[in-house]
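Undergrad: Have a look at this one.
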2 protein chains.
Amino acid sequence: MPHDHADFAPHDHAACATEAMAQAEDRLGQTGQRLTPVRRRTLEILLESPRALGAYEVLERLVTDGYANQPPVAYRALDFLVDQGLVHRIRRLNAFAACLHVGEAHAPVFLICRECHMVAEAPAAGVASALQDAARSLHFTVERSTIEALGLCPACVGTAPHGVA
Amino acid sequence: MPHDHADFAPHDHAACATEAMAQAEDRLGQTGQRLTPVRRRTLEILLESPRALGAYEVLERLVTDGYANQPPVAYRALDFLVDQGLVHRIRRLNAFAACLHVGEAHAPVFLICRECHMVAEAPAAGVASALQDAARSLHFTVERSTIEALGLCPACVGTAPHGVA
DNA sequence: AATCTATTTGTTATATTGTAACGTCAGGAT
DNA sequence: ATCCTGACGTTACAATATAACAAATAGATT
């Protein structure tokens, strides 16, 4: 099963998830943060998923692993992972996706297909620096940014009607 | 009362609101869309506000004008105005702000101060084009984008502790 | 090992944000 | 006059997110 956060071309999902998990452990080890079982499982769930998942979707899956069916279970793990830069929150979808570029410069751009709902995490150096420039001209200090584009992925651009949802 | 969508420097609020309203009418006249009383009032409310407002905050104000206290009243007007490009939705805040640059090329950048919660609508040509470039390299067609930065505005950058909320 | 402390988790309850669905009404076209 | 469309009123509910506090646990300290 391919997944699609990195770009719209399928790639080796298992390898990529394994590597992301290893990077996560690395990163947490350095800062002294703990990758507890719920947190680890939450990250796995996101890595396994072909699409971004809502908090309640993550929760459903955690429940099948024996965790309580209570929103804070999912939200706490997700918030932690987001804080650590291991997971991204995709606001347009009220959803979360594992970060596939842990450690790289972080102001990722998300490309969201309105037809098939795939999400790609695109390289964004240029966008981030343009944003910095725009902010600097107003003397604004950027700490975090959310950059999301809604549109059509290569697969859907031919088949979809136009107009935006 | 200054407001702050345009940038962090205060400016003539009333004049700016009046002009924005005139632009809105223009624009709607051209496309045959109707600026009904609720819609007009909703836009006014946002133009009058010094900060972005949540849908339920807009609703509260509409209620004092005699409208029913029902979410769809606000959401319908807001969704309409967003579709017309007269209002922007700020996802990080689950809030809405009147557009102050109606008609200009539209992929506005929002700078959100985490201390004082002011929101500035910044010029964004560079950011938008960088985003287009990034998307094009993945053969993705951008239809709409959300570009938001969280950080500190000039007034708060000196006084605020660091760390992100 | 026992204790202390800070972090994490379990749990209950509730707040906030957003929609579906359906009937009614007003305005313009035929 | 009738029909049609888009807007509005209204009820109900769905989906998303957080507050608050008690219990447990890990790691540090003695």
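Labels used: A, B, ... for chains in the order of the structure tokens, numbers from 1 for residues in each chain, and numbers from 1 for ligands as shown.
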Residues of chain A within 10 Å of chain B, counting only C-alpha atoms - could you list those as a PyMOL selection string?
TA: chain A and resi 7-9+83+90-92+94+107+109-114+120+122-157+162-165
Undergrad: Write a file of the selected residues as a compact mmCIF listing (two decimals), in the first residue's frame, keeping C-alpha atoms.
TA:
# COMPACT_ATOMS: atom_id res chain seq x y z
CA ASP A 7 4.54 13.23 -2.88
CA PHE A 8 1.98 11.88 -5.23
CA ALA A 9 4.12 9.07 -6.56
CA ASP A 83 5.12 19.74 19.49
CA ILE A 90 -3.45 19.87 8.66
CA ARG A 91 -5.91 22.52 9.56
CA ARG A 92 -7.97 22.54 6.45
CA ASN A 94 -8.84 18.98 10.91
CA ALA A 107 7.83 24.90 7.30
CA VAL A 109 3.78 22.85 2.55
CA PHE A 110 0.80 20.56 2.25
CA LEU A 111 -0.87 19.97 -1.05
CA ILE A 112 -4.36 18.64 -0.56
CA CYS A 113 -6.30 17.12 -3.42
CA ARG A 114 -9.95 18.08 -3.22
CA ALA A 120 1.47 15.56 -0.13
CA ALA A 122 6.13 19.21 -0.36
CA PRO A 123 9.58 20.69 -0.05
CA ALA A 124 9.09 24.29 0.88
CA ALA A 125 12.31 26.13 1.32
CA GLY A 126 11.32 28.83 -1.14
CA VAL A 127 7.90 29.30 0.37
CA ALA A 128 9.23 29.52 3.88
CA SER A 129 11.81 32.09 2.96
CA ALA A 130 9.28 34.19 1.04
CA LEU A 131 7.09 34.08 4.11
CA GLN A 132 9.98 35.17 6.28
CA ASP A 133 10.63 38.08 3.96
CA ALA A 134 7.01 39.18 3.98
CA ALA A 135 6.91 38.96 7.76
CA ARG A 136 10.17 40.77 8.24
CA SER A 137 8.95 43.72 6.23
CA LEU A 138 6.25 44.15 8.87
CA HIS A 139 8.69 43.44 11.69
CA PHE A 140 6.85 40.31 12.56
CA THR A 141 8.73 37.35 14.01
CA VAL A 142 7.53 34.03 12.64
CA GLU A 143 7.66 31.06 14.99
CA ARG A 144 5.41 28.60 13.25
CA SER A 145 3.64 28.55 9.97
CA THR A 146 0.79 26.77 8.32
CA ILE A 147 0.98 26.56 4.56
CA GLU A 148 -1.65 24.52 2.81
CA ALA A 149 -2.87 24.44 -0.74
CA LEU A 150 -6.13 22.95 -1.90
CA GLY A 151 -6.39 21.85 -5.50
CA LEU A 152 -6.00 18.87 -7.76
CA CYS A 153 -3.31 16.24 -7.73
CA PRO A 154 -1.84 14.95 -11.00
CA ALA A 155 -4.13 11.94 -11.00
CA CYS A 156 -7.31 13.94 -10.53
CA VAL A 157 -6.60 16.98 -12.59
CA HIS A 162 -13.72 22.49 -11.72
CA GLY A 163 -14.93 24.68 -8.91
CA VAL A 164 -13.72 24.44 -5.39
CA ALA A 165 -15.45 22.65 -2.60
Undergrad: Residues within 12 Å of DA22 in chain D, please, as a list of chain:residue names. Count only C-alpha atoms (C1' of nucleotides); anything in the same chain fewer than 6 positions from it doesn't count.
TA: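 Here the qualifying residues turn out to be C:DT9, C:DG10, C:DT11, C:DT12.
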Undergrad: Can you show chain A as a short mmCIF file (atom, residue, chain, number, x, y, z; two decimals) with C-alpha atoms, in the first residue's frame once it has been least-squares superposed onto chain B, using every C-alpha atom paired in order?
TA:
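superposed_38.cif was written with the following content:
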data_model
loop_
_atom_site.label_atom_id
_atom_site.label_comp_id
_atom_site.auth_asym_id
_atom_site.auth_seq_id
_atom_site.Cartn_x
_atom_site.Cartn_y
_atom_site.Cartn_z
CA MET A 1 -10.25 52.51 17.21
CA PRO A 2 -7.49 51.22 15.00
CA HIS A 3 -7.77 47.83 13.55
CA ASP A 4 -5.10 45.55 12.48
CA HIS A 5 -5.79 43.36 9.60
CA ALA A 6 -3.84 45.38 7.12
CA ASP A 7 -0.70 45.62 9.12
CA PHE A 8 0.37 46.30 12.64
CA ALA A 9 0.35 50.05 12.32
CA PRO A 10 -2.97 51.70 13.20
CA HIS A 11 -4.75 53.50 10.42
CA ASP A 12 -8.05 55.13 9.60
CA HIS A 13 -10.46 52.43 10.46
CA ALA A 14 -13.74 54.02 9.42
CA ALA A 15 -12.49 55.09 6.02
CA CYS A 16 -11.02 51.75 5.37
CA ALA A 17 -14.18 49.91 6.37
CA THR A 18 -16.31 52.15 4.21
CA GLU A 19 -14.09 51.59 1.26
CA ALA A 20 -14.03 47.86 1.76
CA MET A 21 -17.80 47.83 1.85
CA ALA A 22 -17.98 49.80 -1.36
CA GLN A 23 -15.57 47.42 -3.02
CA ALA A 24 -17.67 44.52 -1.85
CA GLU A 25 -20.78 45.94 -3.44
CA ASP A 26 -18.93 46.57 -6.65
CA ARG A 27 -17.64 43.11 -6.80
CA LEU A 28 -20.92 41.44 -6.07
CA GLY A 29 -22.75 43.63 -8.53
CA GLN A 30 -20.50 42.33 -11.26
CA THR A 31 -21.12 38.68 -10.57
CA GLY A 32 -24.82 39.03 -9.91
CA GLN A 33 -24.54 37.91 -6.32
CA ARG A 34 -26.68 39.57 -3.72
CA LEU A 35 -25.46 41.41 -0.66
CA THR A 36 -28.51 40.71 1.47
CA PRO A 37 -29.02 42.33 4.87
CA VAL A 38 -27.50 39.51 6.93
CA ARG A 39 -24.56 39.29 4.60
CA ARG A 40 -24.00 43.01 4.62
CA ARG A 41 -24.31 43.20 8.36
CA THR A 42 -21.95 40.27 8.77
CA LEU A 43 -19.35 41.97 6.65
CA GLU A 44 -19.82 45.19 8.64
CA ILE A 45 -19.34 43.31 11.87
CA LEU A 46 -16.06 41.93 10.66
CA LEU A 47 -14.94 45.27 9.32
CA GLU A 48 -15.72 46.91 12.63
CA SER A 49 -13.84 44.38 14.65
CA PRO A 50 -10.30 44.97 15.75
CA ARG A 51 -9.63 41.26 15.59
CA ALA A 52 -10.70 38.18 13.76
CA LEU A 53 -14.01 36.87 15.09
CA GLY A 54 -15.25 33.36 15.58
CA ALA A 55 -18.50 32.39 13.92
CA TYR A 56 -20.27 32.40 17.27
CA GLU A 57 -18.97 35.85 18.05
CA VAL A 58 -20.37 37.08 14.77
CA LEU A 59 -23.59 35.33 15.62
CA GLU A 60 -23.83 37.09 18.99
CA ARG A 61 -23.65 40.41 17.25
CA LEU A 62 -26.18 39.41 14.62
CA VAL A 63 -28.53 38.40 17.42
CA THR A 64 -28.43 41.89 18.86
CA ASP A 65 -29.60 43.06 15.45
CA GLY A 66 -32.62 40.82 15.70
CA TYR A 67 -31.47 37.71 13.89
CA ALA A 68 -32.16 34.28 15.34
CA ASN A 69 -29.56 32.79 17.59
CA GLN A 70 -28.84 29.83 15.34
CA PRO A 71 -25.42 28.88 13.99
CA PRO A 72 -26.54 28.58 10.37
CA VAL A 73 -27.41 32.26 10.35
CA ALA A 74 -23.80 33.17 10.87
CA TYR A 75 -22.21 30.32 8.98
CA ARG A 76 -24.25 30.89 5.87
CA ALA A 77 -23.36 34.53 5.67
CA LEU A 78 -19.72 33.84 6.46
CA ASP A 79 -19.43 31.03 3.94
CA PHE A 80 -20.95 33.21 1.28
CA LEU A 81 -18.55 36.04 2.00
CA VAL A 82 -15.60 33.69 2.01
CA ASP A 83 -16.67 32.24 -1.32
CA GLN A 84 -16.83 35.73 -2.75
CA GLY A 85 -13.37 36.53 -1.47
CA LEU A 86 -14.67 39.27 0.80
CA VAL A 87 -13.80 37.54 4.02
CA HIS A 88 -10.95 35.25 4.96
CA ARG A 89 -11.10 32.29 7.20
CA ILE A 90 -8.21 32.03 9.59
CA ARG A 91 -7.93 28.40 10.37
CA ARG A 92 -5.47 28.56 13.17
CA LEU A 93 -7.95 30.66 15.09
CA ASN A 94 -11.17 29.17 13.82
CA ALA A 95 -12.04 32.70 12.99
CA PHE A 96 -12.96 35.08 10.21
CA ALA A 97 -11.64 38.47 9.16
CA ALA A 98 -12.84 40.88 6.51
CA CYS A 99 -10.60 41.08 3.52
CA LEU A 100 -8.98 44.46 3.21
CA HIS A 101 -7.56 43.99 -0.24
CA VAL A 102 -10.58 43.02 -2.23
CA GLY A 103 -9.79 42.31 -5.81
CA GLU A 104 -6.07 42.19 -5.41
CA ALA A 105 -4.34 38.95 -6.20
CA HIS A 106 -5.46 36.58 -3.60
CA ALA A 107 -3.32 34.29 -1.62
CA PRO A 108 -3.06 36.46 1.43
CA VAL A 109 -0.68 35.69 4.25
CA PHE A 110 -1.88 36.09 7.79
CA LEU A 111 0.49 36.99 10.55
CA ILE A 112 -0.98 36.09 13.90
CA CYS A 113 0.53 37.40 17.12
CA ARG A 114 0.43 34.75 19.81
CA GLU A 115 0.61 37.38 22.52
CA CYS A 116 -1.95 40.01 21.60
CA HIS A 117 -3.86 38.00 19.02
CA MET A 118 -3.75 40.67 16.40
CA VAL A 119 -3.92 39.49 12.85
CA ALA A 120 -2.25 41.22 9.94
CA GLU A 121 -3.05 40.52 6.34
CA ALA A 122 0.27 40.80 4.60
CA PRO A 123 1.11 41.25 0.96
CA ALA A 124 2.05 37.86 -0.33
CA ALA A 125 2.92 37.87 -3.96
CA GLY A 126 6.27 36.23 -3.34
CA VAL A 127 4.85 33.57 -1.08
CA ALA A 128 2.07 32.72 -3.47
CA SER A 129 4.42 32.36 -6.39
CA ALA A 130 6.85 30.21 -4.39
CA LEU A 131 3.91 28.03 -3.49
CA GLN A 132 2.90 27.78 -7.11
CA ASP A 133 6.40 26.74 -8.03
CA ALA A 134 6.54 24.07 -5.35
CA ALA A 135 3.17 22.73 -6.44
CA ARG A 136 4.01 22.78 -10.10
CA SER A 137 7.07 20.65 -9.53
CA LEU A 138 4.73 17.95 -8.25
CA HIS A 139 2.20 18.63 -11.01
CA PHE A 140 -0.30 19.81 -8.50
CA THR A 141 -2.82 22.49 -9.45
CA VAL A 142 -3.42 24.99 -6.67
CA GLU A 143 -6.89 26.46 -6.42
CA ARG A 144 -6.86 27.92 -2.94
CA SER A 145 -4.26 28.33 -0.32
CA THR A 146 -4.03 28.93 3.37
CA ILE A 147 -0.88 30.63 4.54
CA GLU A 148 -0.67 31.58 8.17
CA ALA A 149 2.22 32.40 10.43
CA LEU A 150 2.13 32.37 14.19
CA GLY A 151 4.65 34.48 16.04
CA LEU A 152 5.16 37.86 17.61
CA CYS A 153 4.12 41.24 16.31
CA PRO A 154 6.45 44.22 16.64
CA ALA A 155 4.71 45.42 19.77
CA CYS A 156 4.96 42.10 21.58
CA VAL A 157 8.32 40.89 20.46
CA GLY A 158 10.11 42.77 23.19
CA THR A 159 7.85 41.89 26.08
CA ALA A 160 6.87 38.29 25.46
CA PRO A 161 8.56 35.20 26.75
CA HIS A 162 9.54 32.72 24.16
CA GLY A 163 8.08 29.34 23.42
CA VAL A 164 5.05 28.77 21.30
CA ALA A 165 1.57 28.21 22.56
#
Undergrad: Could you tell me which residues of chain C sit within 9 Å of chain B when counting only C-alpha atoms (C1' of nucleotides), and give me the result as a list in words?
TA: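 Filtering chain C at 9 Å from chain B with only C-alpha atoms (C1' of nucleotides) gives DT17, DG18 and DT19 of chain C.
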Undergrad: Would you mind reading off the distance between C1' of DA21 in chain C and C1' of DC13 in chain D, one decimal, in Å?
TA: 10.5 Å
Undergrad: Dump as a count of residues only the residues of chain D that approach chain B to within 12 Å, counting only C-alpha atoms (C1' of nucleotides).
TA: 9
Undergrad: Identify, with DSSP run on backbone atoms, the residues in range 86-125 of chain A assigned to strand (DSSP E), and express the list as a PyMOL selection string.
TA: chain A and resi 87-90+95-98+109-113+119-122
Undergrad: Need the shell around DC3 in chain D: protein/DNA/RNA residues with any atom at most 10 Å away, counting only C-alpha atoms (C1' of nucleotides). Skip same-chain ones fewer than 2 positions apart. Format as number ranges by chain?
TA: C: 29-30; D: 1, 5
Undergrad: Taking the DSSP assignment computed from this structure's backbone, write out as a PyMOL selection string all residues of chain B that belong to alpha helix (DSSP H).
TA: chain B and resi 13-31+37-48+55-64+71-83+125-137
